[in-house]
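**Student:** Before I ask anything, let me first share the structure, which is written out below as structure tokens.
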Amino acid sequence: MEEPYNDLPTSHLIGSVPAVISEEKKATAYAAPEANVQISPRQPGGDRVQGYQKIASSSGGGGPPPADNWQGVFNISSYAQYFNVDTDDVLNRLLSSLDPLRGDFFSRIDTNPDLYGLVWVSTTLVFVIASLGNLASYFGHSASWSFNVGYVSLATSVVYGYAIVVPLGFYFLLRYLGLNPSLVRLWCMWGYSLFIFVLSSFLLVIPVEFLRWMIILIACGVSACFVTSNLRSYVEGNSLMLVLAAASVLQFALGLFIKVWFFA
């Protein structure tokens with residue numbers, strides 16, 4: 001009499017343990033994705049909001065802004081961006097300084113003005129005029145010649161002082177006149193404007209005074225035209241031709257100083 005009861009299926013009986021466990025597992029399996037994926041964090045109002053929540057990307061608009069390259073006046077890393085040029089860039093800018101009538105130097109360096117040319121050209125000019133000046137002195141006074149060490153200190157003071165102070169002075173002058181120049185671009189342009197004096201110094205060794213004067217005047221003219229033609233982009237449309245005249249006179253003054261003191 002007890003065998004029929006043993007054959008009854010137990011899964012349909014009320015209170016069956018396997019049925020209860022199976023339903024809980026199903027409920028847990030479906031609730032987990034909803035809680036982890038589709039329910040955003042609790043809002044200030046206290047209710048949860050259905051839907052996906054966007055996460056700001058560090059490389060997109062929601063990320064932090066890029067760090068500023070400027071880290072202070074006395075930090076060398078702040079100036080690294082102004083020396084980020086390769087050989088082709090420097091060579092093209094040197095060649096541009098020998099074509100004084102184009103007047104497009106600022107447009108060429110607009111995306112990447114550098115101070116490498118200022119430092120490299122100025123340093124090269126210092127050693128060139130100091131060494132070749134002594135060589136020219138030897139050709140003229142070989143009997144009683146002695147190496148003049150003072151040429152090095154004099155050339156360093158004059159060239160570096162000119163390359164740094166003159167563009168700085170014109171920067172403040174243009175700002176005072178209501179214009180908006182860039183100091184780094186002025187330093188860059190003036191640094192490359194000295195390259196013609198490096199080339200002409202090799203010709204000034206020739207011991208012919210008339211030829212020396214012709215060479216230095218041509219070099220001064222090229223350098224002055226290069227500076228004024230590019231400064232014209234700042235003063236164009238303004239009655240500031242005196243600024244261009246002052247820049248031209250200063251370039252001639254530097255060239256004549258090199259001729260008189262180092263290649264007399």
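Here's how to read the names in the structure tokens: chain A, B, ... by the order shown, residue numbers from 1 in each chain, ligand numbers from 1 in the order shown.
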Could you pull out the residues in region 71-128 of chain A that DSSP calls alpha helix (DSSP H) from the backbone, as a PyMOL selection string?
**Tutor:** chain A and resi 87-97+105-108+116-128
**Student:** So that I can check the surroundings of Gly150 (chain A), please list as a PDB file with all heavy atoms, in the first residue's frame every protein, DNA and RNA residue that reaches within 12 Å of it, counting only C-alpha atoms and ignoring chain neighbours fewer than 6 positions away.
**Tutor:**
ATOM      1  N   VAL A 126      80.110  84.984 -32.411  1.00  0.00           N
ATOM      2  CA  VAL A 126      81.107  85.388 -31.419  1.00  0.00           C
ATOM      3  C   VAL A 126      82.462  84.759 -31.731  1.00  0.00           C
ATOM      4  O   VAL A 126      83.503  85.444 -31.795  1.00  0.00           O
ATOM      5  CB  VAL A 126      80.642  85.000 -30.001  1.00  0.00           C
ATOM      6  CG1 VAL A 126      81.799  85.102 -29.011  1.00  0.00           C
ATOM      7  CG2 VAL A 126      79.498  85.894 -29.556  1.00  0.00           C
ATOM      8  N   ILE A 129      83.984  86.022 -35.377  1.00  0.00           N
ATOM      9  CA  ILE A 129      84.608  87.348 -35.463  1.00  0.00           C
ATOM     10  C   ILE A 129      85.806  87.461 -34.532  1.00  0.00           C
ATOM     11  O   ILE A 129      86.759  88.204 -34.808  1.00  0.00           O
ATOM     12  CB  ILE A 129      83.578  88.466 -35.172  1.00  0.00           C
ATOM     13  CG1 ILE A 129      83.023  88.366 -33.759  1.00  0.00           C
ATOM     14  CG2 ILE A 129      82.473  88.453 -36.192  1.00  0.00           C
ATOM     15  CD1 ILE A 129      82.058  89.488 -33.405  1.00  0.00           C
ATOM     16  N   ALA A 130      85.790  86.714 -33.403  1.00  0.00           N
ATOM     17  CA  ALA A 130      86.944  86.765 -32.501  1.00  0.00           C
ATOM     18  C   ALA A 130      88.156  86.080 -33.132  1.00  0.00           C
ATOM     19  O   ALA A 130      89.280  86.607 -33.080  1.00  0.00           O
ATOM     20  CB  ALA A 130      86.601  86.115 -31.170  1.00  0.00           C
ATOM     21  N   SER A 131      87.958  84.915 -33.724  1.00  0.00           N
ATOM     22  CA  SER A 131      89.079  84.182 -34.320  1.00  0.00           C
ATOM     23  C   SER A 131      89.525  84.788 -35.635  1.00  0.00           C
ATOM     24  O   SER A 131      90.735  84.996 -35.867  1.00  0.00           O
ATOM     25  CB  SER A 131      88.689  82.716 -34.521  1.00  0.00           C
ATOM     26  OG  SER A 131      87.541  82.613 -35.358  1.00  0.00           O
ATOM     27  N   GLY A 133      88.972  87.817 -36.623  1.00  0.00           N
ATOM     28  CA  GLY A 133      89.511  89.144 -36.361  1.00  0.00           C
ATOM     29  C   GLY A 133      90.987  89.091 -36.018  1.00  0.00           C
ATOM     30  O   GLY A 133      91.779  89.934 -36.462  1.00  0.00           O
ATOM     31  N   ASN A 134      91.373  88.095 -35.216  1.00  0.00           N
ATOM     32  CA  ASN A 134      92.793  87.905 -34.920  1.00  0.00           C
ATOM     33  C   ASN A 134      93.574  87.489 -36.162  1.00  0.00           C
ATOM     34  O   ASN A 134      94.718  87.908 -36.359  1.00  0.00           O
ATOM     35  CB  ASN A 134      92.960  86.849 -33.824  1.00  0.00           C
ATOM     36  CG  ASN A 134      92.835  87.425 -32.426  1.00  0.00           C
ATOM     37  OD1 ASN A 134      93.743  88.080 -31.921  1.00  0.00           O
ATOM     38  ND2 ASN A 134      91.677  87.211 -31.807  1.00  0.00           N
ATOM     39  N   THR A 156      81.517  88.574 -27.234  1.00  0.00           N
ATOM     40  CA  THR A 156      80.427  87.965 -26.445  1.00  0.00           C
ATOM     41  C   THR A 156      79.478  89.021 -25.904  1.00  0.00           C
ATOM     42  O   THR A 156      78.249  88.889 -26.001  1.00  0.00           O
ATOM     43  CB  THR A 156      81.026  87.155 -25.282  1.00  0.00           C
ATOM     44  OG1 THR A 156      81.896  86.147 -25.800  1.00  0.00           O
ATOM     45  CG2 THR A 156      79.923  86.506 -24.465  1.00  0.00           C
ATOM     46  N   SER A 157      80.035  90.083 -25.347  1.00  0.00           N
ATOM     47  CA  SER A 157      79.194  91.138 -24.773  1.00  0.00           C
ATOM     48  C   SER A 157      78.364  91.833 -25.837  1.00  0.00           C
ATOM     49  O   SER A 157      77.156  92.058 -25.656  1.00  0.00           O
ATOM     50  CB  SER A 157      80.074  92.162 -24.046  1.00  0.00           C
ATOM     51  OG  SER A 157      80.844  91.555 -23.044  1.00  0.00           O
ATOM     52  N   TRP A 261      86.090  97.295 -35.207  1.00  0.00           N
ATOM     53  CA  TRP A 261      86.783  96.759 -34.038  1.00  0.00           C
ATOM     54  C   TRP A 261      87.503  95.438 -34.301  1.00  0.00           C
ATOM     55  O   TRP A 261      88.493  95.142 -33.636  1.00  0.00           O
ATOM     56  CB  TRP A 261      85.797  96.574 -32.884  1.00  0.00           C
ATOM     57  CG  TRP A 261      85.450  97.845 -32.203  1.00  0.00           C
ATOM     58  CD1 TRP A 261      84.414  98.679 -32.505  1.00  0.00           C
ATOM     59  CD2 TRP A 261      86.160  98.480 -31.134  1.00  0.00           C
ATOM     60  NE1 TRP A 261      84.412  99.771 -31.678  1.00  0.00           N
ATOM     61  CE2 TRP A 261      85.482  99.673 -30.824  1.00  0.00           C
ATOM     62  CE3 TRP A 261      87.302  98.132 -30.397  1.00  0.00           C
ATOM     63  CZ2 TRP A 261      85.917 100.536 -29.823  1.00  0.00           C
ATOM     64  CZ3 TRP A 261      87.727  98.980 -29.391  1.00  0.00           C
ATOM     65  CH2 TRP A 261      87.031 100.172 -29.119  1.00  0.00           C
ATOM     66  N   PHE A 262      87.035  94.646 -35.248  1.00  0.00           N
ATOM     67  CA  PHE A 262      87.616  93.330 -35.454  1.00  0.00           C
ATOM     68  C   PHE A 262      88.352  93.185 -36.790  1.00  0.00           C
ATOM     69  O   PHE A 262      89.200  92.298 -36.929  1.00  0.00           O
ATOM     70  CB  PHE A 262      86.534  92.254 -35.382  1.00  0.00           C
ATOM     71  CG  PHE A 262      85.871  92.157 -34.031  1.00  0.00           C
ATOM     72  CD1 PHE A 262      84.688  92.823 -33.767  1.00  0.00           C
ATOM     73  CD2 PHE A 262      86.443  91.402 -33.016  1.00  0.00           C
ATOM     74  CE1 PHE A 262      84.073  92.748 -32.542  1.00  0.00           C
ATOM     75  CE2 PHE A 262      85.838  91.314 -31.775  1.00  0.00           C
ATOM     76  CZ  PHE A 262      84.654  91.999 -31.524  1.00  0.00           C
TER      77      PHE A 262
END
**Student:** Which is closest to Ser122 (chain A) among A:Gly103, A:Gly255, A:Gly169, A:Gly191, if we use only C-alpha atoms?
**Tutor:** A:Gly191
**Student:** For Leu194 (chain A), list every protein, DNA or RNA residue within 8 Å, evaluated using only C-alpha atoms, and leave out those in the same chain fewer than 3 positions away; present the list as a VMD selection string.
**Tutor:** chain A and resid 121 to 122 125 190 to 191 197 to 198 223
**Student:** Write the residues you've just listed into a file as a compact mmCIF listing (two decimals), in the first residue's frame, and include C-alpha atoms for each of them.
**Tutor:**
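New file again-v4.txt:
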# COMPACT_ATOMS: atom_id res chain seq x y z
CA VAL A 121 73.90 81.96 -34.62
CA SER A 122 74.98 84.34 -31.86
CA LEU A 125 79.21 84.79 -34.67
CA TRP A 190 66.67 88.88 -34.94
CA GLY A 191 68.77 85.82 -34.19
CA PHE A 197 77.47 88.53 -40.58
CA VAL A 198 78.81 85.02 -39.98
CA SER A 223 70.37 92.10 -42.62
**Student:** With distances taken over only C-alpha atoms, which of A:Ala253, A:Leu94, A:Leu174, A:Leu132 is nearest to Ser200 (chain A)?
**Tutor:** A:Leu132
**Student:** Find the residues near Asn92 (chain A): any atom within 12 Å, counting only C-alpha atoms, skip ones fewer than 4 places away on the same chain, and give them as an NGL selection string.
**Tutor:** :A and (85-88 or 96-99 or 105 or 108-109 or 117 or 192)
**Student:** Just to be explicit: take each residue in the selection above, keep N, CA and C atoms, and write the result as a short mmCIF file (atom, residue, chain, number, x, y, z; two decimals), in the first residue's frame.
**Tutor:**
data_model
loop_
_atom_site.label_atom_id
_atom_site.label_comp_id
_atom_site.auth_asym_id
_atom_site.auth_seq_id
_atom_site.Cartn_x
_atom_site.Cartn_y
_atom_site.Cartn_z
N VAL A 85 63.33 71.98 -32.79
CA VAL A 85 63.49 72.13 -34.23
C VAL A 85 64.52 71.12 -34.71
N ASP A 86 64.41 70.73 -35.98
CA ASP A 86 65.39 69.81 -36.56
C ASP A 86 66.29 70.56 -37.53
N THR A 87 67.18 69.83 -38.15
CA THR A 87 68.15 70.45 -39.05
C THR A 87 67.49 71.12 -40.24
N ASP A 88 66.45 70.50 -40.77
CA ASP A 88 65.76 71.09 -41.93
C ASP A 88 65.11 72.42 -41.57
N SER A 96 66.19 81.61 -45.44
CA SER A 96 65.20 82.69 -45.51
C SER A 96 65.81 84.03 -45.12
N SER A 97 66.78 84.00 -44.18
CA SER A 97 67.41 85.25 -43.76
C SER A 97 68.29 85.85 -44.85
N LEU A 98 68.66 85.03 -45.84
CA LEU A 98 69.47 85.53 -46.96
C LEU A 98 68.61 86.02 -48.11
N ASP A 99 67.30 85.92 -47.98
CA ASP A 99 66.36 86.44 -48.97
C ASP A 99 65.54 87.53 -48.31
N PHE A 105 58.90 85.73 -43.05
CA PHE A 105 59.57 84.90 -42.04
C PHE A 105 58.63 84.56 -40.89
N ARG A 108 56.41 81.75 -41.71
CA ARG A 108 57.12 80.48 -41.77
C ARG A 108 57.32 79.87 -40.38
N ILE A 109 57.51 80.71 -39.38
CA ILE A 109 57.78 80.20 -38.03
C ILE A 109 56.56 80.28 -37.13
N GLY A 117 67.98 79.22 -33.05
CA GLY A 117 68.72 80.06 -33.98
C GLY A 117 69.38 81.24 -33.29
N TYR A 192 68.26 85.03 -36.43
CA TYR A 192 68.61 84.59 -37.78
C TYR A 192 69.10 85.74 -38.64
#
**Student:** Can you work out the spacing between CA of His141 (chain A) and CA of Val205 (chain A) in Å, to one decimal?
**Tutor:**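 Taking CA of His141 (chain A) and CA of Val205 (chain A), their separation equals 12.9 Å.
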**Student:** What is the distance between CA of Val152 (chain A) and CA of Ala136 (chain A), in Å to one decimal?
**Tutor:**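 Atom-to-atom, CA of Val152 (chain A) and CA of Ala136 (chain A) are spaced 14.7 Å apart.
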**Student:** For Pro167 (chain A), please output as a list in words all residues within 9 Å (counting only C-alpha atoms; exclusion window: fewer than 4 positions along the same chain).
**Tutor:**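 Here the qualifying residues turn out to be Tyr162, Ala163, Tyr171, Phe172, Leu183, Leu186, Trp187, Met189 and Trp190 of chain A.
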**Student:** I need the chosen residues saved as a PDB file, in the first residue's frame, with N, CA, C and O atoms.
**Tutor:**
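Final file, result.pdb:
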ATOM      1  N   TYR A 162      73.320  92.544 -28.027  1.00  0.00           N
ATOM      2  CA  TYR A 162      72.502  93.033 -29.144  1.00  0.00           C
ATOM      3  C   TYR A 162      71.340  92.076 -29.433  1.00  0.00           C
ATOM      4  O   TYR A 162      70.193  92.506 -29.593  1.00  0.00           O
ATOM      5  N   ALA A 163      71.632  90.780 -29.506  1.00  0.00           N
ATOM      6  CA  ALA A 163      70.614  89.798 -29.889  1.00  0.00           C
ATOM      7  C   ALA A 163      69.493  89.677 -28.856  1.00  0.00           C
ATOM      8  O   ALA A 163      68.368  89.290 -29.206  1.00  0.00           O
ATOM      9  N   TYR A 171      60.090  95.018 -28.639  1.00  0.00           N
ATOM     10  CA  TYR A 171      58.856  94.411 -28.125  1.00  0.00           C
ATOM     11  C   TYR A 171      58.096  95.405 -27.245  1.00  0.00           C
ATOM     12  O   TYR A 171      56.888  95.620 -27.423  1.00  0.00           O
ATOM     13  N   PHE A 172      58.806  96.033 -26.303  1.00  0.00           N
ATOM     14  CA  PHE A 172      58.154  97.000 -25.428  1.00  0.00           C
ATOM     15  C   PHE A 172      57.727  98.249 -26.204  1.00  0.00           C
ATOM     16  O   PHE A 172      56.691  98.853 -25.902  1.00  0.00           O
ATOM     17  N   LEU A 183      57.299  88.285 -28.365  1.00  0.00           N
ATOM     18  CA  LEU A 183      58.702  88.438 -28.005  1.00  0.00           C
ATOM     19  C   LEU A 183      59.539  87.278 -28.544  1.00  0.00           C
ATOM     20  O   LEU A 183      60.650  87.480 -29.048  1.00  0.00           O
ATOM     21  N   LEU A 186      60.142  87.777 -32.214  1.00  0.00           N
ATOM     22  CA  LEU A 186      61.135  88.831 -32.454  1.00  0.00           C
ATOM     23  C   LEU A 186      62.544  88.331 -32.172  1.00  0.00           C
ATOM     24  O   LEU A 186      63.482  88.613 -32.933  1.00  0.00           O
ATOM     25  N   TRP A 187      62.735  87.604 -31.086  1.00  0.00           N
ATOM     26  CA  TRP A 187      64.042  87.018 -30.793  1.00  0.00           C
ATOM     27  C   TRP A 187      64.467  86.055 -31.895  1.00  0.00           C
ATOM     28  O   TRP A 187      65.628  86.032 -32.293  1.00  0.00           O
ATOM     29  N   MET A 189      63.509  86.027 -35.088  1.00  0.00           N
ATOM     30  CA  MET A 189      63.816  86.751 -36.319  1.00  0.00           C
ATOM     31  C   MET A 189      65.154  87.476 -36.221  1.00  0.00           C
ATOM     32  O   MET A 189      65.982  87.418 -37.140  1.00  0.00           O
ATOM     33  N   TRP A 190      65.416  88.143 -35.100  1.00  0.00           N
ATOM     34  CA  TRP A 190      66.671  88.884 -34.942  1.00  0.00           C
ATOM     35  C   TRP A 190      67.863  87.942 -34.850  1.00  0.00           C
ATOM     36  O   TRP A 190      68.960  88.267 -35.305  1.00  0.00           O
TER      37      TRP A 190
END
**Student:** Using only C-alpha atoms, which protein or nucleic acid residues come within 12 Å of Leu242 (chain A)? Drop anything in the same chain fewer than 6 positions from it, and give the result as a JSON list (two decimals) with all heavy atoms, in the first residue's frame.
**Tutor:**
[["chain", "number", "residue", "atom", "x", "y", "z"],
["A", 170, "PHE", "N", 62.38, 96.52, -28.84],
["A", 170, "PHE", "CA", 61.35, 96.70, -29.86],
["A", 170, "PHE", "C", 60.02, 96.07, -29.42],
["A", 170, "PHE", "O", 58.95, 96.55, -29.80],
["A", 170, "PHE", "CB", 61.80, 96.10, -31.19],
["A", 170, "PHE", "CG", 62.59, 97.06, -32.02],
["A", 170, "PHE", "CD1", 63.96, 97.20, -31.84],
["A", 170, "PHE", "CD2", 61.96, 97.86, -32.98],
["A", 170, "PHE", "CE1", 64.70, 98.08, -32.60],
["A", 170, "PHE", "CE2", 62.69, 98.75, -33.73],
["A", 170, "PHE", "CZ", 64.06, 98.88, -33.55],
["A", 173, "LEU", "N", 58.49, 98.63, -27.22],
["A", 173, "LEU", "CA", 58.13, 99.78, -28.02],
["A", 173, "LEU", "C", 56.84, 99.53, -28.80],
["A", 173, "LEU", "O", 55.94, 100.38, -28.82],
["A", 173, "LEU", "CB", 59.27, 100.12, -29.00],
["A", 173, "LEU", "CG", 59.00, 101.26, -29.99],
["A", 173, "LEU", "CD1", 58.73, 102.57, -29.25],
["A", 173, "LEU", "CD2", 60.16, 101.41, -30.95],
["A", 174, "LEU", "N", 56.73, 98.36, -29.42],
["A", 174, "LEU", "CA", 55.52, 98.03, -30.17],
["A", 174, "LEU", "C", 54.31, 97.87, -29.25],
["A", 174, "LEU", "O", 53.20, 98.24, -29.61],
["A", 174, "LEU", "CB", 55.75, 96.75, -30.97],
["A", 174, "LEU", "CG", 56.79, 96.86, -32.10],
["A", 174, "LEU", "CD1", 57.02, 95.50, -32.74],
["A", 174, "LEU", "CD2", 56.35, 97.87, -33.15],
["A", 177, "LEU", "N", 53.09, 101.26, -28.42],
["A", 177, "LEU", "CA", 52.39, 101.88, -29.55],
["A", 177, "LEU", "C", 51.05, 101.22, -29.85],
["A", 177, "LEU", "O", 50.41, 101.54, -30.85],
["A", 177, "LEU", "CB", 53.28, 101.82, -30.79],
["A", 177, "LEU", "CG", 54.59, 102.64, -30.70],
["A", 177, "LEU", "CD1", 55.45, 102.39, -31.92],
["A", 177, "LEU", "CD2", 54.28, 104.13, -30.54],
["A", 228, "THR", "N", 63.54, 94.75, -41.46],
["A", 228, "THR", "CA", 62.48, 95.73, -41.73],
["A", 228, "THR", "C", 61.33, 95.14, -42.55],
["A", 228, "THR", "O", 60.17, 95.46, -42.32],
["A", 228, "THR", "CB", 63.06, 96.95, -42.46],
["A", 228, "THR", "OG1", 63.74, 96.51, -43.65],
["A", 228, "THR", "CG2", 64.03, 97.69, -41.58],
["A", 231, "LEU", "N", 59.34, 93.20, -40.01],
["A", 231, "LEU", "CA", 58.67, 94.07, -39.04],
["A", 231, "LEU", "C", 57.50, 94.81, -39.67],
["A", 231, "LEU", "O", 56.58, 95.25, -38.97],
["A", 231, "LEU", "CB", 59.66, 95.09, -38.45],
["A", 231, "LEU", "CG", 60.59, 94.61, -37.34],
["A", 231, "LEU", "CD1", 61.48, 95.75, -36.89],
["A", 231, "LEU", "CD2", 59.79, 94.08, -36.16],
["A", 232, "ARG", "N", 57.52, 94.96, -40.98],
["A", 232, "ARG", "CA", 56.45, 95.67, -41.66],
["A", 232, "ARG", "C", 55.09, 95.00, -41.45],
["A", 232, "ARG", "O", 54.05, 95.65, -41.51],
["A", 232, "ARG", "CB", 56.75, 95.78, -43.16],
["A", 232, "ARG", "CG", 55.81, 96.73, -43.91],
["A", 232, "ARG", "CD", 56.19, 96.88, -45.37],
["A", 232, "ARG", "NE", 57.45, 97.61, -45.51],
["A", 232, "ARG", "CZ", 58.57, 97.09, -45.95],
["A", 232, "ARG", "NH1", 58.62, 95.81, -46.29],
["A", 232, "ARG", "NH2", 59.66, 97.82, -46.06],
["A", 235, "VAL", "N", 53.72, 96.83, -38.41],
["A", 235, "VAL", "CA", 53.46, 98.26, -38.49],
["A", 235, "VAL", "C", 52.71, 98.64, -39.76],
["A", 235, "VAL", "O", 52.45, 99.82, -39.98],
["A", 235, "VAL", "CB", 54.78, 99.06, -38.43],
["A", 235, "VAL", "CG1", 55.53, 98.74, -37.16],
["A", 235, "VAL", "CG2", 55.65, 98.77, -39.65],
["A", 248, "SER", "N", 66.61, 99.42, -38.95],
["A", 248, "SER", "CA", 67.62, 99.40, -40.01],
["A", 248, "SER", "C", 68.93, 100.03, -39.54],
["A", 248, "SER", "O", 70.02, 99.51, -39.81],
["A", 248, "SER", "CB", 67.08, 100.13, -41.24],
["A", 248, "SER", "OG", 68.02, 100.12, -42.29],
["A", 249, "VAL", "N", 68.83, 101.16, -38.84],
["A", 249, "VAL", "CA", 70.03, 101.84, -38.35],
["A", 249, "VAL", "C", 70.79, 100.95, -37.37],
["A", 249, "VAL", "O", 72.04, 100.89, -37.39],
["A", 249, "VAL", "CB", 69.65, 103.18, -37.70],
["A", 249, "VAL", "CG1", 70.83, 103.78, -36.93],
["A", 249, "VAL", "CG2", 69.16, 104.17, -38.75]]
**Student:** Could you check which of A:Val208, A:Ser107, A:Tyr176, A:Cys188 is closest to Trp120 (chain A), using only C-alpha atoms?
**Tutor:**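 Nearest candidate to Trp120 (chain A) out of A:Val208, A:Ser107, A:Tyr176, A:Cys188: A:Cys188.
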